[in-house]
>>> print(open('coords32.cif').read())   # mmCIF, N, CA and C atoms
data_work
loop_
_atom_site.label_atom_id
_atom_site.label_comp_id
_atom_site.auth_asym_id
_atom_site.auth_seq_id
_atom_site.Cartn_x
_atom_site.Cartn_y
_atom_site.Cartn_z
N GLY A 135 -1.31 60.81 11.41
CA GLY A 135 -1.71 60.45 12.73
C GLY A 135 -1.23 59.08 13.13
N GLN A 136 -1.13 58.91 14.42
CA GLN A 136 -0.71 57.63 14.99
C GLN A 136 -1.90 56.67 15.05
N THR A 137 -1.59 55.39 15.14
CA THR A 137 -2.63 54.39 15.35
C THR A 137 -3.07 54.47 16.80
N PRO A 138 -4.19 53.85 17.18
CA PRO A 138 -4.65 53.92 18.56
C PRO A 138 -3.62 53.39 19.57
N HIS A 139 -2.76 52.49 19.15
CA HIS A 139 -1.78 51.91 20.06
C HIS A 139 -0.44 52.65 19.99
N GLY A 140 -0.36 53.71 19.19
CA GLY A 140 0.84 54.52 19.13
C GLY A 140 1.93 53.95 18.25
N MET A 141 1.68 52.86 17.57
CA MET A 141 2.70 52.24 16.73
C MET A 141 2.32 52.42 15.26
N GLY A 142 3.25 52.88 14.49
CA GLY A 142 3.00 52.99 13.06
C GLY A 142 2.21 54.23 12.71
N LYS A 143 1.98 54.35 11.43
CA LYS A 143 1.26 55.51 10.91
C LYS A 143 -0.12 55.07 10.44
N ARG A 144 -1.14 55.87 10.74
CA ARG A 144 -2.50 55.60 10.30
C ARG A 144 -2.68 56.20 8.91
N ILE A 145 -3.12 55.38 7.97
CA ILE A 145 -3.39 55.86 6.62
C ILE A 145 -4.88 55.70 6.36
N PRO A 146 -5.61 56.80 6.32
CA PRO A 146 -7.07 56.71 6.10
C PRO A 146 -7.39 56.07 4.75
N ILE A 147 -8.30 55.15 4.74
CA ILE A 147 -8.67 54.43 3.52
C ILE A 147 -9.22 55.37 2.46
N GLU A 148 -9.85 56.47 2.89
CA GLU A 148 -10.36 57.42 1.89
C GLU A 148 -9.22 58.09 1.14
N ASP A 149 -8.08 58.29 1.81
CA ASP A 149 -6.92 58.86 1.13
C ASP A 149 -6.35 57.86 0.11
N VAL A 150 -6.37 56.60 0.46
CA VAL A 150 -5.91 55.55 -0.46
C VAL A 150 -6.82 55.51 -1.69
N ALA A 151 -8.13 55.57 -1.46
CA ALA A 151 -9.09 55.55 -2.57
C ALA A 151 -8.88 56.74 -3.50
N LYS A 152 -8.67 57.93 -2.93
CA LYS A 152 -8.42 59.13 -3.74
C LYS A 152 -7.13 58.98 -4.53
N ALA A 153 -6.09 58.48 -3.88
CA ALA A 153 -4.79 58.31 -4.55
C ALA A 153 -4.87 57.30 -5.68
N MET A 154 -5.77 56.34 -5.56
CA MET A 154 -5.91 55.33 -6.60
C MET A 154 -6.84 55.79 -7.73
N GLY A 155 -7.36 57.01 -7.61
CA GLY A 155 -8.13 57.58 -8.70
C GLY A 155 -9.63 57.41 -8.62
N ALA A 156 -10.18 57.09 -7.45
CA ALA A 156 -11.63 56.98 -7.33
C ALA A 156 -12.28 58.30 -7.73
N ASP A 157 -13.38 58.21 -8.46
CA ASP A 157 -14.06 59.40 -8.96
C ASP A 157 -14.91 60.10 -7.88
N PHE A 158 -15.34 59.35 -6.89
CA PHE A 158 -16.15 59.90 -5.80
C PHE A 158 -15.73 59.20 -4.52
N VAL A 159 -15.37 59.98 -3.50
CA VAL A 159 -14.98 59.43 -2.21
C VAL A 159 -15.68 60.23 -1.12
N ALA A 160 -16.33 59.53 -0.21
CA ALA A 160 -17.02 60.20 0.89
C ALA A 160 -16.91 59.35 2.15
N VAL A 161 -16.92 60.02 3.29
CA VAL A 161 -16.92 59.36 4.58
C VAL A 161 -18.26 59.68 5.25
N VAL A 162 -18.95 58.66 5.74
CA VAL A 162 -20.26 58.86 6.37
C VAL A 162 -20.28 58.28 7.78
N ASP A 163 -21.19 58.80 8.58
CA ASP A 163 -21.50 58.24 9.89
C ASP A 163 -22.73 57.35 9.68
N PRO A 164 -22.59 56.03 9.82
CA PRO A 164 -23.72 55.15 9.52
C PRO A 164 -24.92 55.34 10.44
N TYR A 165 -24.72 56.00 11.59
CA TYR A 165 -25.85 56.27 12.48
C TYR A 165 -26.68 57.45 12.00
N ASP A 166 -26.15 58.23 11.06
CA ASP A 166 -26.90 59.32 10.45
C ASP A 166 -27.47 58.77 9.15
N ILE A 167 -28.62 58.14 9.26
CA ILE A 167 -29.19 57.39 8.14
C ILE A 167 -29.53 58.28 6.96
N LYS A 168 -30.10 59.45 7.21
CA LYS A 168 -30.48 60.35 6.10
C LYS A 168 -29.24 60.79 5.32
N ALA A 169 -28.20 61.21 6.01
CA ALA A 169 -26.98 61.66 5.33
C ALA A 169 -26.31 60.50 4.59
N THR A 170 -26.32 59.32 5.18
CA THR A 170 -25.75 58.15 4.51
C THR A 170 -26.52 57.83 3.25
N TYR A 171 -27.84 57.86 3.32
CA TYR A 171 -28.69 57.60 2.16
C TYR A 171 -28.40 58.61 1.04
N GLU A 172 -28.31 59.88 1.40
CA GLU A 172 -28.04 60.92 0.40
C GLU A 172 -26.67 60.72 -0.24
N THR A 173 -25.68 60.30 0.55
CA THR A 173 -24.35 60.06 0.02
C THR A 173 -24.36 58.88 -0.96
N VAL A 174 -25.08 57.84 -0.63
CA VAL A 174 -25.19 56.69 -1.54
C VAL A 174 -25.86 57.11 -2.84
N LYS A 175 -26.90 57.95 -2.75
CA LYS A 175 -27.55 58.44 -3.98
C LYS A 175 -26.56 59.20 -4.85
N LYS A 176 -25.73 60.07 -4.24
CA LYS A 176 -24.73 60.82 -4.99
C LYS A 176 -23.73 59.88 -5.64
N ALA A 177 -23.30 58.88 -4.89
CA ALA A 177 -22.30 57.93 -5.41
C ALA A 177 -22.85 57.16 -6.61
N LEU A 178 -24.11 56.84 -6.59
CA LEU A 178 -24.72 56.10 -7.70
C LEU A 178 -24.86 56.94 -8.97
N GLU A 179 -24.85 58.26 -8.81
CA GLU A 179 -24.96 59.16 -9.95
C GLU A 179 -23.62 59.38 -10.66
N VAL A 180 -22.54 59.00 -10.01
CA VAL A 180 -21.21 59.23 -10.56
C VAL A 180 -20.85 58.15 -11.58
N GLU A 181 -20.36 58.58 -12.72
CA GLU A 181 -19.82 57.64 -13.69
C GLU A 181 -18.42 57.30 -13.23
N GLY A 182 -18.14 56.06 -13.03
CA GLY A 182 -16.81 55.67 -12.58
C GLY A 182 -16.86 54.99 -11.23
N VAL A 183 -15.75 55.07 -10.54
CA VAL A 183 -15.59 54.37 -9.26
C VAL A 183 -16.00 55.27 -8.11
N SER A 184 -16.87 54.76 -7.26
CA SER A 184 -17.29 55.47 -6.05
C SER A 184 -16.87 54.66 -4.83
N VAL A 185 -16.40 55.37 -3.81
CA VAL A 185 -16.02 54.72 -2.56
C VAL A 185 -16.68 55.49 -1.41
N ILE A 186 -17.42 54.75 -0.58
CA ILE A 186 -18.02 55.34 0.61
C ILE A 186 -17.43 54.62 1.80
N VAL A 187 -16.84 55.38 2.69
CA VAL A 187 -16.26 54.84 3.92
C VAL A 187 -17.25 55.10 5.04
N SER A 188 -17.69 54.05 5.69
CA SER A 188 -18.62 54.15 6.80
C SER A 188 -17.80 54.12 8.08
N ARG A 189 -17.76 55.25 8.80
CA ARG A 189 -16.87 55.34 9.96
C ARG A 189 -17.66 55.71 11.22
N GLN A 190 -17.58 54.81 12.18
CA GLN A 190 -18.20 55.03 13.48
C GLN A 190 -17.63 53.99 14.44
N VAL A 191 -17.47 54.33 15.67
CA VAL A 191 -17.01 53.38 16.67
C VAL A 191 -18.04 52.26 16.79
N CYS A 192 -17.56 51.04 16.90
CA CYS A 192 -18.46 49.89 17.09
C CYS A 192 -19.34 50.17 18.31
N ALA A 193 -20.64 49.91 18.17
CA ALA A 193 -21.59 50.20 19.25
C ALA A 193 -21.23 49.44 20.52
N LEU A 194 -20.80 48.20 20.40
CA LEU A 194 -20.44 47.42 21.59
C LEU A 194 -19.22 48.02 22.28
N HIS A 195 -18.26 48.48 21.51
CA HIS A 195 -17.07 49.11 22.08
C HIS A 195 -17.45 50.42 22.77
N ARG A 196 -18.29 51.21 22.11
CA ARG A 196 -18.73 52.50 22.67
C ARG A 196 -19.46 52.28 24.00
N ILE A 197 -20.34 51.28 24.04
CA ILE A 197 -21.09 50.99 25.27
C ILE A 197 -20.14 50.53 26.37
N GLY A 198 -19.15 49.69 26.00
CA GLY A 198 -18.17 49.25 26.99
C GLY A 198 -17.41 50.41 27.60
N GLN A 199 -17.02 51.37 26.75
CA GLN A 199 -16.32 52.56 27.23
C GLN A 199 -17.22 53.37 28.16
N MET A 200 -18.47 53.53 27.77
CA MET A 200 -19.41 54.31 28.58
C MET A 200 -19.65 53.63 29.93
N ARG A 201 -19.77 52.30 29.94
CA ARG A 201 -19.96 51.58 31.21
C ARG A 201 -18.77 51.80 32.14
N ARG A 202 -17.55 51.71 31.58
CA ARG A 202 -16.35 51.91 32.41
C ARG A 202 -16.30 53.31 33.00
N ARG A 203 -16.84 54.30 32.28
CA ARG A 203 -16.85 55.67 32.77
C ARG A 203 -18.08 55.97 33.64
N GLY A 204 -18.97 54.99 33.77
CA GLY A 204 -20.17 55.18 34.57
C GLY A 204 -21.23 56.02 33.88
N GLU A 205 -21.15 56.14 32.56
CA GLU A 205 -22.11 56.94 31.79
C GLU A 205 -23.29 56.08 31.36
N LYS A 206 -24.39 56.74 31.07
CA LYS A 206 -25.57 56.06 30.54
C LYS A 206 -25.78 56.50 29.11
N TRP A 207 -26.50 55.71 28.35
CA TRP A 207 -26.83 56.04 26.97
C TRP A 207 -28.35 55.97 26.83
N PRO A 208 -28.91 56.62 25.83
CA PRO A 208 -30.37 56.61 25.69
C PRO A 208 -30.87 55.22 25.29
N ILE A 209 -31.91 54.75 25.94
CA ILE A 209 -32.58 53.51 25.58
C ILE A 209 -33.91 53.92 24.95
N TYR A 210 -34.20 53.37 23.79
CA TYR A 210 -35.42 53.73 23.08
C TYR A 210 -36.55 52.75 23.39
N TYR A 211 -37.76 53.25 23.27
CA TYR A 211 -38.95 52.42 23.43
C TYR A 211 -39.95 52.82 22.34
N VAL A 212 -41.00 52.02 22.18
CA VAL A 212 -42.03 52.31 21.20
C VAL A 212 -43.21 52.96 21.90
N ASN A 213 -43.56 54.16 21.48
CA ASN A 213 -44.74 54.85 21.98
C ASN A 213 -45.95 54.19 21.32
N GLU A 214 -46.74 53.45 22.10
CA GLU A 214 -47.86 52.68 21.57
C GLU A 214 -48.90 53.56 20.87
N ASP A 215 -49.00 54.82 21.29
CA ASP A 215 -49.99 55.71 20.67
C ASP A 215 -49.58 56.14 19.26
N LYS A 216 -48.29 56.02 18.95
CA LYS A 216 -47.80 56.45 17.64
C LYS A 216 -47.53 55.29 16.68
N CYS A 217 -47.28 54.10 17.21
CA CYS A 217 -46.94 52.95 16.36
C CYS A 217 -48.19 52.47 15.62
N THR A 218 -48.10 52.41 14.29
CA THR A 218 -49.22 51.96 13.47
C THR A 218 -49.09 50.50 13.05
N GLY A 219 -47.97 49.88 13.39
CA GLY A 219 -47.75 48.50 13.00
C GLY A 219 -47.31 48.35 11.56
N CYS A 220 -46.71 49.38 10.99
CA CYS A 220 -46.31 49.34 9.58
C CYS A 220 -45.11 48.43 9.32
N ARG A 221 -44.32 48.14 10.35
CA ARG A 221 -43.16 47.24 10.31
C ARG A 221 -41.96 47.79 9.53
N VAL A 222 -41.93 49.07 9.23
CA VAL A 222 -40.77 49.63 8.54
C VAL A 222 -39.51 49.39 9.38
N CYS A 223 -39.63 49.56 10.67
CA CYS A 223 -38.47 49.38 11.56
C CYS A 223 -37.93 47.96 11.51
N ILE A 224 -38.79 47.00 11.33
CA ILE A 224 -38.38 45.59 11.29
C ILE A 224 -37.94 45.19 9.90
N ASN A 225 -38.72 45.54 8.90
CA ASN A 225 -38.42 45.10 7.53
C ASN A 225 -37.32 45.88 6.85
N ALA A 226 -37.25 47.19 7.08
CA ALA A 226 -36.27 48.01 6.37
C ALA A 226 -35.03 48.34 7.20
N TYR A 227 -35.15 48.29 8.51
CA TYR A 227 -34.02 48.68 9.36
C TYR A 227 -33.33 47.47 9.96
N GLY A 228 -34.07 46.60 10.59
CA GLY A 228 -33.53 45.33 11.06
C GLY A 228 -32.63 45.40 12.28
N CYS A 229 -32.86 46.31 13.21
CA CYS A 229 -32.08 46.36 14.45
C CYS A 229 -32.41 45.13 15.28
N PRO A 230 -31.39 44.46 15.83
CA PRO A 230 -31.65 43.26 16.63
C PRO A 230 -32.41 43.53 17.93
N ALA A 231 -32.48 44.78 18.37
CA ALA A 231 -33.21 45.11 19.59
C ALA A 231 -34.71 45.28 19.34
N ILE A 232 -35.11 45.39 18.08
CA ILE A 232 -36.52 45.60 17.75
C ILE A 232 -37.16 44.25 17.42
N TYR A 233 -38.31 44.01 18.01
CA TYR A 233 -39.05 42.78 17.73
C TYR A 233 -40.54 43.09 17.56
N TRP A 234 -41.28 42.14 17.04
CA TRP A 234 -42.69 42.31 16.76
C TRP A 234 -43.51 41.69 17.89
N ASP A 235 -44.42 42.47 18.47
CA ASP A 235 -45.34 41.99 19.49
C ASP A 235 -46.60 41.54 18.77
N GLU A 236 -46.73 40.24 18.61
CA GLU A 236 -47.85 39.68 17.83
C GLU A 236 -49.20 40.01 18.47
N GLU A 237 -49.24 40.05 19.78
CA GLU A 237 -50.50 40.33 20.47
C GLU A 237 -50.97 41.77 20.23
N LYS A 238 -50.06 42.73 20.36
CA LYS A 238 -50.42 44.14 20.19
C LYS A 238 -50.30 44.61 18.74
N LYS A 239 -49.66 43.78 17.89
CA LYS A 239 -49.45 44.15 16.49
C LYS A 239 -48.65 45.45 16.37
N GLN A 240 -47.63 45.54 17.19
CA GLN A 240 -46.75 46.71 17.19
C GLN A 240 -45.31 46.25 17.41
N ALA A 241 -44.40 47.13 17.05
CA ALA A 241 -42.98 46.89 17.31
C ALA A 241 -42.70 47.15 18.78
N ARG A 242 -41.66 46.50 19.28
CA ARG A 242 -41.19 46.70 20.64
C ARG A 242 -39.67 46.75 20.62
N VAL A 243 -39.08 47.32 21.66
CA VAL A 243 -37.62 47.38 21.81
C VAL A 243 -37.25 46.57 23.05
N GLU A 244 -36.30 45.66 22.88
CA GLU A 244 -35.74 44.93 24.02
C GLU A 244 -34.67 45.84 24.63
N PRO A 245 -34.93 46.45 25.80
CA PRO A 245 -34.03 47.47 26.34
C PRO A 245 -32.61 46.97 26.62
N THR A 246 -32.45 45.70 26.95
CA THR A 246 -31.10 45.21 27.23
C THR A 246 -30.25 45.10 25.97
N MET A 247 -30.88 45.19 24.80
CA MET A 247 -30.15 45.11 23.54
C MET A 247 -30.02 46.46 22.84
N CYS A 248 -30.67 47.49 23.36
CA CYS A 248 -30.64 48.81 22.73
C CYS A 248 -29.30 49.48 23.02
N TRP A 249 -28.64 49.94 21.96
CA TRP A 249 -27.34 50.60 22.07
C TRP A 249 -27.46 52.12 22.03
N GLY A 250 -28.68 52.62 21.88
CA GLY A 250 -28.90 54.05 21.93
C GLY A 250 -28.48 54.83 20.70
N CYS A 251 -28.36 54.15 19.55
CA CYS A 251 -27.89 54.85 18.35
C CYS A 251 -28.96 55.78 17.78
N GLY A 252 -30.24 55.50 18.02
CA GLY A 252 -31.32 56.34 17.52
C GLY A 252 -31.71 56.08 16.08
N GLY A 253 -31.15 55.04 15.47
CA GLY A 253 -31.51 54.72 14.09
C GLY A 253 -32.99 54.42 13.93
N CYS A 254 -33.57 53.75 14.91
CA CYS A 254 -34.99 53.41 14.84
C CYS A 254 -35.85 54.68 14.76
N ALA A 255 -35.47 55.69 15.54
CA ALA A 255 -36.21 56.96 15.53
C ALA A 255 -36.09 57.67 14.18
N GLN A 256 -34.97 57.44 13.48
CA GLN A 256 -34.77 58.06 12.17
C GLN A 256 -35.58 57.39 11.08
N VAL A 257 -35.81 56.07 11.19
CA VAL A 257 -36.50 55.36 10.11
C VAL A 257 -38.01 55.27 10.30
N CYS A 258 -38.49 55.43 11.52
CA CYS A 258 -39.93 55.29 11.76
C CYS A 258 -40.69 56.47 11.15
N PRO A 259 -41.59 56.19 10.19
CA PRO A 259 -42.32 57.29 9.55
C PRO A 259 -43.34 57.97 10.47
N PHE A 260 -43.60 57.38 11.64
CA PHE A 260 -44.62 57.93 12.53
C PHE A 260 -44.05 58.46 13.85
N GLY A 261 -42.73 58.46 13.98
CA GLY A 261 -42.09 58.99 15.19
C GLY A 261 -42.41 58.20 16.45
N ALA A 262 -42.61 56.89 16.30
CA ALA A 262 -43.02 56.07 17.44
C ALA A 262 -41.87 55.71 18.38
N PHE A 263 -40.63 55.80 17.91
CA PHE A 263 -39.49 55.47 18.77
C PHE A 263 -39.03 56.72 19.50
N GLU A 264 -38.99 56.61 20.83
CA GLU A 264 -38.60 57.75 21.65
C GLU A 264 -37.63 57.28 22.72
N PRO A 265 -36.69 58.16 23.13
CA PRO A 265 -35.79 57.77 24.21
C PRO A 265 -36.54 57.77 25.54
N MET A 266 -36.23 56.78 26.37
CA MET A 266 -36.84 56.75 27.70
C MET A 266 -36.30 57.89 28.53
N LYS A 267 -37.12 58.40 29.39
CA LYS A 267 -36.68 59.44 30.31
C LYS A 267 -35.89 58.80 31.44
N GLU A 268 -35.02 59.57 32.07
CA GLU A 268 -34.22 59.07 33.20
C GLU A 268 -35.15 58.49 34.26
N GLY A 269 -34.84 57.30 34.74
CA GLY A 269 -35.65 56.67 35.77
C GLY A 269 -36.71 55.72 35.25
N GLU A 270 -36.98 55.75 33.92
CA GLU A 270 -37.98 54.85 33.34
C GLU A 270 -37.42 53.46 33.06
N GLN A 271 -36.09 53.38 32.99
CA GLN A 271 -35.47 52.12 32.58
C GLN A 271 -35.62 51.03 33.59
#
>>> encode(input="coords32.cif", output="structure tokens")
Amino acid sequence: GQTPHGMGKRIPIEDVAKAMGADFVAVVDPYDIKATYETVKKALEVEGVSVIVSRQVCALHRIGQMRRRGEKWPIYYVNEDKCTGCRVCINAYGCPAIYWDEEKKQARVEPTMCWGCGGCAQVCPFGAFEPMKEGEQ
């Protein structure tokens, strides 16, 4: 395949890793947290060299493209009825759009920083992160 600019040949790093004799090679979507976690577990079980390639368009680039096309992306919020204040989203996930509301003792999402990846919804054990409905933003 060609590079994005049409110059030269694209050589996937996973092919290089395989050619160099890596014992385990996988490509993951980092926004699919469960699948990424499972792949890391598999890689740790392999005796020898493991290579995991994390491939996804940069969130800022993706949002820029969507803005130019006039598209919207999902913005997440914290459903106060479901948030228990466990802080898993803050301590284990660390998204810069998530912050702690000291007064309510719950997590919150800064909507202007949310890129719509949905990672927060994947890590919350109580399902407190939900996409806003159209018109709520």
>>> closest_residue(input="coords32.cif", among="A:Phe260, A:Tyr227, A:Trp234, A:Tyr165", to="Gln190 (chain A)", atoms="all atoms listed in the file")
A:Tyr165
>>> select_by_dssp(input="coords32.cif", residues="chain A", states="strand (DSSP E)", output="list of chain:residue names")
A:Phe158, A:Val159, A:Ala160, A:Val161, A:Val162, A:Ser184, A:Val185, A:Ile186, A:Val187, A:Ser188, A:Tyr210, A:Tyr211, A:Val212, A:Ile232, A:Tyr233, A:Trp234, A:Asp235, A:Gln240, A:Ala241, A:Arg242, A:Val243, A:Phe263, A:Glu264, A:Pro265
>>> closest_residue(input="coords32.cif", among="A:Glu264, A:Asp235, A:Glu172, A:Glu181", to="Asp157 (chain A)", atoms="all atoms listed in the file")
A:Glu181
>>> resolve_selection(input="coords32.cif", expression="the PyMOL selection byres ((chain A and resi 191-208) around 6.5)", output="list in words")
Arg189, Gln190, Ile209, Tyr210, Cys248, Trp249, Gly250, Cys251, Pro265 and Met266 of chain A
>>> closest_residue(input="coords32.cif", among="A:Arg221, A:Glu179, A:Val150, A:Ile232", to="Gly252 (chain A)", atoms="only C-alpha atoms")
A:Ile232
>>> closest_residue(input="coords32.cif", among="A:Val212, A:Cys258, A:Ala226, A:Ala160", to="Gln240 (chain A)", atoms="all atoms listed in the file")
A:Val212
>>> select_by_dssp(input="coords32.cif", residues="region 136-249 of chain A", states="alpha helix (DSSP H)", output="PyMOL selection string")
chain A and resi 147-153+167-179+193-203+222
>>> closest_residue(input="coords32.cif", among="A:Asp215, A:Val222, A:Val187, A:Lys175", to="Ile147 (chain A)", atoms="only N, CA and C atoms")
A:Val187
>>> atom_distance(input="coords32.cif", atom1="atom C of Cys217 (chain A)", atom2="CA of Lys267 (chain A)")
19.9 Å
>>> axis_aligned_box(input="coords32.cif", around="region 157-176 of chain A", padding_each_side="8 Å", output="lines of an AutoDock Vina configuration file")
center_x = -21.9
center_y = 58.4
center_z = 1.8
size_x = 33.1
size_y = 22.5
size_z = 37.4
>>> atom_distance(input="coords32.cif", atom1="CA of Val243 (chain A)", atom2="atom N of Cys223 (chain A)")
11.5 Å
>>> atom_distance(input="coords32.cif", atom1="CA of Pro164 (chain A)", atom2="CA of Cys254 (chain A)")
12.6 Å
>>> resolve_selection(input="coords32.cif", expression="the PyMOL selection byres ((chain A and resi 184) around 6)", output="list in words")
Ala156, Asp157, Phe158, Val159, Ala177, Gly182, Val183, Val185 and Ile186 of chain A
>>> write_last_selection(input="coords32.cif", atoms="N, CA and C atoms", output="PDB file, in the frame of the given file")
ATOM      1  N   ALA A 156     -10.180  57.090  -7.450  1.00  0.00           N
ATOM      2  CA  ALA A 156     -11.630  56.980  -7.330  1.00  0.00           C
ATOM      3  C   ALA A 156     -12.280  58.300  -7.730  1.00  0.00           C
ATOM      4  N   ASP A 157     -13.380  58.210  -8.460  1.00  0.00           N
ATOM      5  CA  ASP A 157     -14.060  59.400  -8.960  1.00  0.00           C
ATOM      6  C   ASP A 157     -14.910  60.100  -7.880  1.00  0.00           C
ATOM      7  N   PHE A 158     -15.340  59.350  -6.890  1.00  0.00           N
ATOM      8  CA  PHE A 158     -16.150  59.900  -5.800  1.00  0.00           C
ATOM      9  C   PHE A 158     -15.730  59.200  -4.520  1.00  0.00           C
ATOM     10  N   VAL A 159     -15.370  59.980  -3.500  1.00  0.00           N
ATOM     11  CA  VAL A 159     -14.980  59.430  -2.210  1.00  0.00           C
ATOM     12  C   VAL A 159     -15.680  60.230  -1.120  1.00  0.00           C
ATOM     13  N   ALA A 177     -23.300  58.880  -4.890  1.00  0.00           N
ATOM     14  CA  ALA A 177     -22.300  57.930  -5.410  1.00  0.00           C
ATOM     15  C   ALA A 177     -22.850  57.160  -6.610  1.00  0.00           C
ATOM     16  N   GLY A 182     -18.140  56.060 -13.030  1.00  0.00           N
ATOM     17  CA  GLY A 182     -16.810  55.670 -12.580  1.00  0.00           C
ATOM     18  C   GLY A 182     -16.860  54.990 -11.230  1.00  0.00           C
ATOM     19  N   VAL A 183     -15.750  55.070 -10.540  1.00  0.00           N
ATOM     20  CA  VAL A 183     -15.590  54.370  -9.260  1.00  0.00           C
ATOM     21  C   VAL A 183     -16.000  55.270  -8.110  1.00  0.00           C
ATOM     22  N   VAL A 185     -16.400  55.370  -3.810  1.00  0.00           N
ATOM     23  CA  VAL A 185     -16.020  54.720  -2.560  1.00  0.00           C
ATOM     24  C   VAL A 185     -16.680  55.490  -1.410  1.00  0.00           C
ATOM     25  N   ILE A 186     -17.420  54.750  -0.580  1.00  0.00           N
ATOM     26  CA  ILE A 186     -18.020  55.340   0.610  1.00  0.00           C
ATOM     27  C   ILE A 186     -17.430  54.620   1.800  1.00  0.00           C
TER      28      ILE A 186
END
>>> residues_around(input="coords32.cif", residues="Asp166 (chain A)", least_positions_apart="2", cutoff="10 Å", atoms="only C-alpha atoms", output="list of chain:residue names")
A:Val162, A:Asp163, A:Pro164, A:Lys168, A:Ala169, A:Thr170, A:Tyr171, A:Cys251, A:Gly252, A:Gly253, A:Gln256
>>> closest_residue(input="coords32.cif", among="A:Ala151, A:Leu178, A:Ala262, A:Ala231", to="Lys216 (chain A)", atoms="only N, CA and C atoms")
A:Ala262
>>> decode(input="coords32.cif", residues="region 218-232 of chain A", atoms="C-alpha atoms", output="JSON list (two decimals), in the first residue's frame")
[["chain", "number", "residue", "atom", "x", "y", "z"],
["A", 218, "THR", "CA", -21.16, 5.46, 43.04],
["A", 219, "GLY", "CA", -18.02, 7.57, 43.36],
["A", 220, "CYS", "CA", -15.71, 4.56, 43.06],
["A", 221, "ARG", "CA", -13.19, 6.62, 40.99],
["A", 222, "VAL", "CA", -12.26, 3.74, 38.67],
["A", 223, "CYS", "CA", -12.66, 6.12, 35.74],
["A", 224, "ILE", "CA", -10.21, 8.57, 37.28],
["A", 225, "ASN", "CA", -7.69, 6.22, 38.89],
["A", 226, "ALA", "CA", -7.57, 3.40, 36.34],
["A", 227, "TYR", "CA", -8.53, 5.13, 33.09],
["A", 228, "GLY", "CA", -7.28, 8.69, 33.39],
["A", 229, "CYS", "CA", -9.12, 10.43, 30.53],
["A", 230, "PRO", "CA", -8.35, 14.16, 30.61],
["A", 231, "ALA", "CA", -12.05, 14.96, 30.10],
["A", 232, "ILE", "CA", -13.04, 13.22, 33.36]]
